[in-house]
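Next comes model_16.csv, a file with CSV, C-alpha atoms.
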chain,number,residue,atom,x,y,z
A,643,MET,CA,156.1,49.6,101.8
A,644,ARG,CA,154.8,51.9,104.5
A,645,LYS,CA,153.0,50.4,107.5
A,646,THR,CA,150.2,52.4,109.2
A,647,VAL,CA,150.8,52.4,112.9
A,648,TYR,CA,148.4,55.1,114.0
A,649,THR,CA,145.3,56.7,112.6
A,650,LYS,CA,143.0,59.4,113.9
A,651,SER,CA,139.9,58.1,115.6
A,652,LYS,CA,136.7,58.2,113.5
A,653,GLY,CA,135.1,59.5,116.7
A,654,LEU,CA,136.8,62.9,116.1
A,655,THR,CA,135.9,65.5,113.4
A,656,ASP,CA,138.6,67.2,111.3
A,657,ILE,CA,137.8,70.6,112.8
A,658,PRO,CA,140.8,72.3,114.6
A,659,THR,CA,140.1,72.8,118.3
A,660,HIS,CA,140.0,76.1,120.1
A,661,TYR,CA,141.9,74.8,123.1
A,662,CYS,CA,145.1,76.5,124.3
A,663,PRO,CA,148.6,74.9,123.5
A,664,GLY,CA,149.3,72.3,126.2
A,665,CYS,CA,145.7,72.0,127.3
A,666,SER,CA,144.8,68.4,128.2
A,667,HIS,CA,141.3,68.6,126.7
A,668,GLY,CA,142.7,67.3,123.4
A,669,ILE,CA,144.1,64.2,125.0
A,670,ILE,CA,140.8,63.5,126.9
A,671,HIS,CA,138.8,64.0,123.7
A,672,LYS,CA,141.0,61.5,121.9
A,673,LEU,CA,140.5,58.9,124.7
A,674,VAL,CA,136.7,59.3,124.7
A,675,ALA,CA,136.5,59.2,120.9
A,676,GLU,CA,138.8,56.1,120.6
A,677,THR,CA,136.7,54.3,123.2
A,678,LEU,CA,133.5,55.0,121.5
A,679,GLU,CA,134.9,53.8,118.1
A,680,GLU,CA,136.5,50.7,119.6
A,681,MET,CA,133.2,49.8,121.3
A,682,ASP,CA,131.3,50.4,118.1
A,683,LEU,CA,129.2,53.1,119.8
A,684,LEU,CA,129.6,56.1,117.5
A,685,GLY,CA,126.3,55.6,115.8
A,686,ASN,CA,124.4,55.2,119.1
A,687,THR,CA,125.9,57.9,121.3
A,688,VAL,CA,124.6,61.2,122.4
A,689,GLY,CA,127.1,63.5,124.2
A,690,VAL,CA,126.2,66.6,126.3
A,691,ALA,CA,128.4,69.6,126.1
A,692,PRO,CA,128.3,72.2,128.9
A,693,VAL,CA,129.3,75.8,129.3
A,694,GLY,CA,133.0,76.2,129.9
A,695,CYS,CA,136.2,75.4,127.9
A,696,ALA,CA,134.3,72.3,126.5
A,697,VAL,CA,131.4,74.4,125.2
A,698,LEU,CA,132.4,73.6,121.6
A,699,ALA,CA,132.8,69.9,122.2
A,700,TYR,CA,129.9,69.3,119.8
A,701,GLU,CA,132.2,70.5,117.0
A,702,TYR,CA,134.9,67.9,117.8
A,703,PHE,CA,133.1,64.6,118.7
A,704,ASN,CA,131.7,62.7,115.7
A,705,VAL,CA,128.5,61.7,117.5
A,706,ASP,CA,125.2,63.4,118.2
A,707,MET,CA,125.6,66.2,120.7
A,708,VAL,CA,123.3,68.4,122.8
A,709,GLU,CA,124.3,71.7,124.3
A,710,ALA,CA,123.3,72.2,128.0
A,711,PRO,CA,123.0,75.4,130.1
A,712,HIS,CA,125.8,76.0,132.5
A,713,GLY,CA,125.9,73.2,135.1
A,714,ARG,CA,122.9,71.4,133.8
A,715,ALA,CA,124.5,68.6,131.7
A,716,PRO,CA,123.6,65.8,134.1
A,717,ALA,CA,119.9,67.0,134.0
A,718,VAL,CA,120.0,67.1,130.2
A,719,ALA,CA,121.6,63.6,130.1
A,720,THR,CA,118.9,62.3,132.5
A,721,GLY,CA,116.2,63.4,130.1
A,722,LEU,CA,118.1,61.8,127.2
A,723,ILE,CA,118.7,58.5,128.8
A,724,ARG,CA,115.1,58.2,130.1
A,725,ALA,CA,113.7,59.1,126.6
A,726,LEU,CA,116.2,57.0,124.8
A,727,PRO,CA,117.2,54.2,127.2
A,728,ASP,CA,119.1,52.2,124.6
A,729,ARG,CA,121.4,55.1,123.7
A,730,THR,CA,124.9,55.7,125.1
A,731,VAL,CA,124.8,59.0,126.9
A,732,PHE,CA,127.7,60.9,128.3
A,733,THR,CA,128.5,64.4,129.6
A,734,TYR,CA,131.8,66.2,129.3
A,735,GLN,CA,132.2,68.8,132.0
A,736,GLY,CA,134.8,71.0,133.7
A,737,ASP,CA,135.2,71.6,137.4
A,738,GLY,CA,133.4,74.9,137.5
A,739,ASP,CA,130.5,73.5,135.5
A,740,LEU,CA,130.2,70.2,137.5
A,741,ALA,CA,131.3,71.1,141.0
A,742,ALA,CA,130.0,74.7,141.3
A,743,ILE,CA,126.9,75.8,139.4
A,744,GLY,CA,126.1,72.1,138.6
A,745,THR,CA,126.7,70.6,142.0
A,746,ALA,CA,123.0,69.8,142.6
A,747,GLU,CA,122.5,68.3,139.2
A,748,THR,CA,125.6,66.1,139.6
A,749,VAL,CA,124.7,64.9,143.1
A,750,HIS,CA,121.1,64.1,142.4
A,751,ALA,CA,121.8,62.4,139.1
A,752,ALA,CA,124.3,60.2,141.0
A,753,ALA,CA,121.8,59.6,143.8
A,754,ARG,CA,119.2,58.4,141.4
A,755,GLY,CA,121.7,56.1,139.7
A,756,GLU,CA,121.0,57.5,136.3
A,757,ASN,CA,122.6,55.3,133.6
A,758,ILE,CA,125.0,57.9,132.2
A,759,VAL,CA,128.7,58.5,132.0
A,760,ILE,CA,130.3,61.7,133.2
A,761,ILE,CA,133.7,62.7,132.0
A,762,PHE,CA,134.8,65.3,134.6
A,763,VAL,CA,137.8,67.4,133.6
A,764,ASN,CA,139.5,68.8,136.8
A,765,ASN,CA,142.1,71.5,136.1
A,766,ALA,CA,141.6,73.3,139.4
A,767,ILE,CA,140.5,76.6,137.9
A,768,TYR,CA,137.8,78.3,135.8
A,769,GLY,CA,139.3,78.2,132.3
A,770,MET,CA,137.1,79.8,129.8
A,771,THR,CA,135.9,82.7,132.0
A,772,GLY,CA,139.4,83.9,132.8
A,773,GLY,CA,141.0,82.0,135.6
A,774,GLN,CA,138.9,82.5,138.7
A,775,VAL,CA,139.1,80.3,141.8
A,776,ALA,CA,137.2,77.1,141.3
A,777,PRO,CA,135.7,74.6,143.8
A,778,THR,CA,138.7,72.4,143.0
A,779,SER,CA,141.4,75.1,143.2
A,780,LEU,CA,144.1,74.1,145.8
A,781,ILE,CA,144.8,75.8,149.1
A,782,GLY,CA,147.4,78.5,148.3
A,783,GLN,CA,146.6,78.5,144.6
A,784,VAL,CA,146.8,82.0,143.0
A,785,THR,CA,143.9,82.8,140.7
A,786,GLN,CA,142.2,85.9,139.4
A,787,THR,CA,139.9,85.9,142.3
A,788,SER,CA,142.3,84.6,144.9
A,789,PRO,CA,145.4,86.8,144.1
A,790,TYR,CA,147.0,86.0,147.5
A,791,GLY,CA,146.2,82.3,147.2
A,792,ARG,CA,143.2,80.3,148.2
A,793,LYS,CA,142.5,80.4,151.9
A,794,GLU,CA,140.5,77.9,153.9
A,795,ASN,CA,138.7,80.6,155.9
A,796,HIS,CA,137.8,82.6,152.8
A,797,GLU,CA,137.2,80.4,149.8
A,798,GLY,CA,136.8,77.1,151.8
A,799,PHE,CA,138.4,73.8,151.1
A,800,PRO,CA,138.7,72.2,147.6
A,801,ILE,CA,136.0,69.6,146.9
A,802,ARG,CA,137.0,66.0,146.1
A,803,MET,CA,134.1,65.0,143.9
A,804,CYS,CA,134.9,61.3,143.4
A,805,GLU,CA,135.2,60.8,147.1
A,806,LEU,CA,131.9,62.6,147.7
A,807,LEU,CA,130.0,60.9,145.0
A,808,SER,CA,131.3,57.4,145.9
A,809,THR,CA,129.3,57.5,149.1
A,810,LEU,CA,126.0,57.6,147.2
A,811,ASN,CA,124.2,54.2,146.6
A,812,GLY,CA,123.3,55.2,143.0
A,813,VAL,CA,126.9,55.4,141.9
A,814,CYS,CA,128.2,52.3,140.1
A,815,TYR,CA,131.7,53.5,139.4
A,816,ALA,CA,133.9,56.5,140.4
A,817,GLU,CA,137.6,56.7,139.4
A,818,ARG,CA,140.1,59.5,139.3
A,819,VAL,CA,142.9,59.4,136.6
A,820,ALA,CA,145.3,61.9,135.1
A,821,VAL,CA,146.7,62.5,131.6
A,822,ASN,CA,150.1,64.1,132.3
A,823,ASN,CA,152.3,61.2,131.1
A,824,VAL,CA,152.0,58.1,129.0
A,825,PRO,CA,151.4,55.6,131.8
A,826,ALA,CA,148.7,57.8,133.2
A,827,ILE,CA,147.0,58.2,129.8
A,828,LYS,CA,146.8,54.4,129.4
A,829,LYS,CA,145.2,54.1,132.8
A,830,ALA,CA,142.8,56.9,132.0
A,831,LYS,CA,141.7,55.1,128.8
A,832,LYS,CA,141.0,51.9,130.8
A,833,ALA,CA,138.8,53.9,133.2
A,834,ILE,CA,136.9,55.5,130.4
A,835,GLN,CA,136.3,52.1,128.8
A,836,LYS,CA,135.1,50.8,132.1
A,837,ALA,CA,132.6,53.6,132.5
A,838,PHE,CA,131.1,53.2,129.0
A,839,ASP,CA,130.9,49.4,129.5
A,840,ASN,CA,128.9,50.1,132.6
A,841,GLN,CA,126.6,52.4,130.6
A,842,VAL,CA,126.1,49.9,127.8
A,843,ASN,CA,125.2,47.2,130.4
A,844,LYS,CA,122.9,49.5,132.3
A,845,ARG,CA,124.7,49.3,135.6
A,846,GLY,CA,124.0,53.0,136.5
A,847,PHE,CA,126.0,56.2,137.1
A,848,SER,CA,129.7,56.2,136.3
A,849,ILE,CA,132.1,59.1,136.7
A,850,VAL,CA,135.7,59.4,135.5
A,851,GLU,CA,137.5,62.4,136.9
A,852,VAL,CA,140.5,63.4,134.9
A,853,LEU,CA,143.2,65.6,136.4
A,854,SER,CA,144.1,68.1,133.6
A,855,SER,CA,146.5,71.0,133.0
A,856,CYS,CA,145.6,74.6,132.2
A,857,PRO,CA,148.9,76.2,131.2
A,858,THR,CA,147.3,79.5,130.2
A,859,ASN,CA,145.4,80.3,133.4
A,860,TRP,CA,148.1,78.7,135.6
A,861,GLY,CA,150.7,81.0,133.9
A,862,MET,CA,153.0,78.1,133.1
A,863,SER,CA,154.6,76.4,130.1
A,864,PRO,CA,152.9,73.2,129.0
A,865,VAL,CA,155.8,71.1,130.4
A,866,ASP,CA,155.7,72.9,133.8
A,867,ALA,CA,151.9,72.5,133.9
A,868,MET,CA,152.2,68.7,133.5
A,869,LYS,CA,154.8,68.7,136.4
A,870,TRP,CA,152.4,70.8,138.5
A,871,VAL,CA,149.7,68.2,138.1
A,872,ASP,CA,152.0,65.5,139.6
A,873,GLU,CA,153.6,67.7,142.3
A,874,ASN,CA,150.5,69.6,143.5
A,875,MET,CA,147.2,68.1,142.2
A,876,VAL,CA,147.9,64.4,142.7
A,877,PRO,CA,148.8,64.7,146.4
A,878,TYR,CA,145.4,66.3,147.2
A,879,TYR,CA,143.4,64.4,144.5
A,880,PRO,CA,144.8,60.9,144.8
A,881,LEU,CA,144.5,58.8,141.7
A,882,GLY,CA,142.6,55.5,141.9
A,883,CYS,CA,139.2,53.8,141.9
A,884,PHE,CA,136.9,55.0,144.7
A,885,LYS,CA,133.9,52.8,143.9
A,886,ASP,CA,133.3,49.9,141.5
A,887,LYS,CA,130.2,47.8,142.2
A,888,THR,CA,131.2,45.3,139.5
A,889,ALA,CA,134.3,44.5,141.5
A,890,GLY,CA,132.6,44.6,144.8
A,891,LYS,CA,134.3,47.8,145.9
A,892,GLU,CA,132.2,50.2,147.9
A,893,ALA,CA,133.0,53.5,149.5
Kindly return the structure encoded in the file as structure tokens.
Amino acid sequence: MRKTVYTKSKGLTDIPTHYCPGCSHGIIHKLVAETLEEMDLLGNTVGVAPVGCAVLAYEYFNVDMVEAPHGRAPAVATGLIRALPDRTVFTYQGDGDLAAIGTAETVHAAARGENIVIIFVNNAIYGMTGGQVAPTSLIGQVTQTSPYGRKENHEGFPIRMCELLSTLNGVCYAERVAVNNVPAIKKAKKAIQKAFDNQVNKRGFSIVEVLSSCPTNWGMSPVDAMKWVDENMVPYYPLGCFKDKTAGKEA
């Protein structure tokens, strides 16, 4: 007799994704979907999909979804949670969307303490639009618009969003995780669960930043891209919890 040891989350549709081989979006989608299913939130959730690699997220999550203009997902989520305060509302955003064109929306939603969850996928590059330098691209990182490597005196320094947002009083929870190995994936899921628990209990603004790989635009194999996260991203973007009001941890 066969024993079922794993099943696909009911929080995901059966549509094949458009993501590149080795991209971490699939892992992160899985963690979010599993969390919503395990917390019995699928029938009460509204997600906000941005412009960027996650533009088609509404095809993959088995919940109500709203499409937002580029960078405006936190503003759209604000409208949703204020109109429907008993819903679970989350955004799913990349670094170009959240930390560049959407910086103002992100910062002010956090400052207001909007009761939403933000899943922030940081792969240190603009993905969908062809690999340009992003606010999170590392010093020395070669991109389509920094062919000689990012320089401090030209493109500026990479932005650490969790550290920045954790200084705001409206933020309840800010944690950075990764998904480049199994132990990291397990920690990432716990952080996502914590964020949605905060939302359900109306504790305010929660953000989970997920360090992600982008093999295509980095010009690497999927395996090498996972190693690059450990060797290059984690030293600049340290993993851990930067703020958790429920545990008495402040920035």
Rank nothing, just name the residue among A:Gly812, A:Gly721, A:Gly694, A:Gly744 nearest to Tyr768 (chain A), using all atoms listed in the file.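 Between A:Gly812, A:Gly721, A:Gly694, A:Gly744, the residue approaching Tyr768 (chain A) most closely is A:Gly694.
With all atoms listed in the file as the basis for measurement, A:Ser854 is the residue among A:Asn840, A:Thr646, A:Ser854, A:Thr733 that approaches Asn874 (chain A) most closely.
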Env of region 769-785 of chain A: 9 Å cut, atoms = only C-alpha atoms, seq-sep filter 4 positions within chain, self excluded. Answer as JSON, numbers by chain. {"A": [693, 694, 695, 696, 736, 737, 738, 741, 742, 764, 765, 789, 790, 791, 792, 793, 794, 797, 798, 799, 800, 801, 802, 803, 856, 858, 859, 860, 874, 875, 878]}
Find the residues around Ser848 (chain A) up to 12 Å (all atoms listed in the file counted), leave out those fewer than 2 positions away in its own chain, and share them as an MDAnalysis selection string. chainID A and resid 716 731:733 748 751:762 804 807:808 810:818 833:846 850:851 883:888
Interatomic distance (Å, one decimal) between CA of Val749 (chain A) and CA of Val718 (chain A): 13.9 Å
Name the closest residue to Tyr661 (chain A) among the candidates A:Thr809, A:Val821, A:His796, A:Pro857; distances are taken between atoms, counting only C-alpha atoms. A:Pro857
Using only C-alpha atoms, which of the listed residues (A:Tyr700, A:Asn686, A:Ser651, A:Thr745) sits closest to Leu673 (chain A)? A:Ser651
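Between CA of Gly653 (chain A) and CA of Gly685 (chain A) the separation is 9.7 Å.
Distance annotation: of A:Gly689, A:Leu678, A:Ile669, A:Lys832, the residue with the minimal separation from Leu853 (chain A) is A:Ile669; atom set is only C-alpha atoms.
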Atom-to-atom span, CA of Leu726 (chain A) and CA of Lys672 (chain A), Å: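 Computing the Euclidean distance for CA of Leu726 (chain A) and CA of Lys672 (chain A) yields 25.4 Å.
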Which centre and which edge lengths, in Å to one decimal, describe the axis-aligned box that holds all listed atoms of region 838-842 of chain A after 8 Å is added on each side, as lines of an AutoDock Vina configuration file?
center_x = 128.6
center_y = 51.3
center_z = 130.2
size_x = 21.0
size_y = 19.8
size_z = 20.8
Identify which of the residues A:Trp870, A:Phe703, A:Phe847, A:Tyr734 lies closest to Asp656 (chain A), counting all atoms listed in the file when measuring atom-to-atom distances.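 The closest residue to Asp656 (chain A) is A:Phe703.
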Using only C-alpha atoms, determine which residues lie at most 8 Å from Arg729 (chain A), disregarding the query and same-chain residues fewer than 5 positions distant; provide the list as a PyMOL selection string. chain A and resi 686-688+723
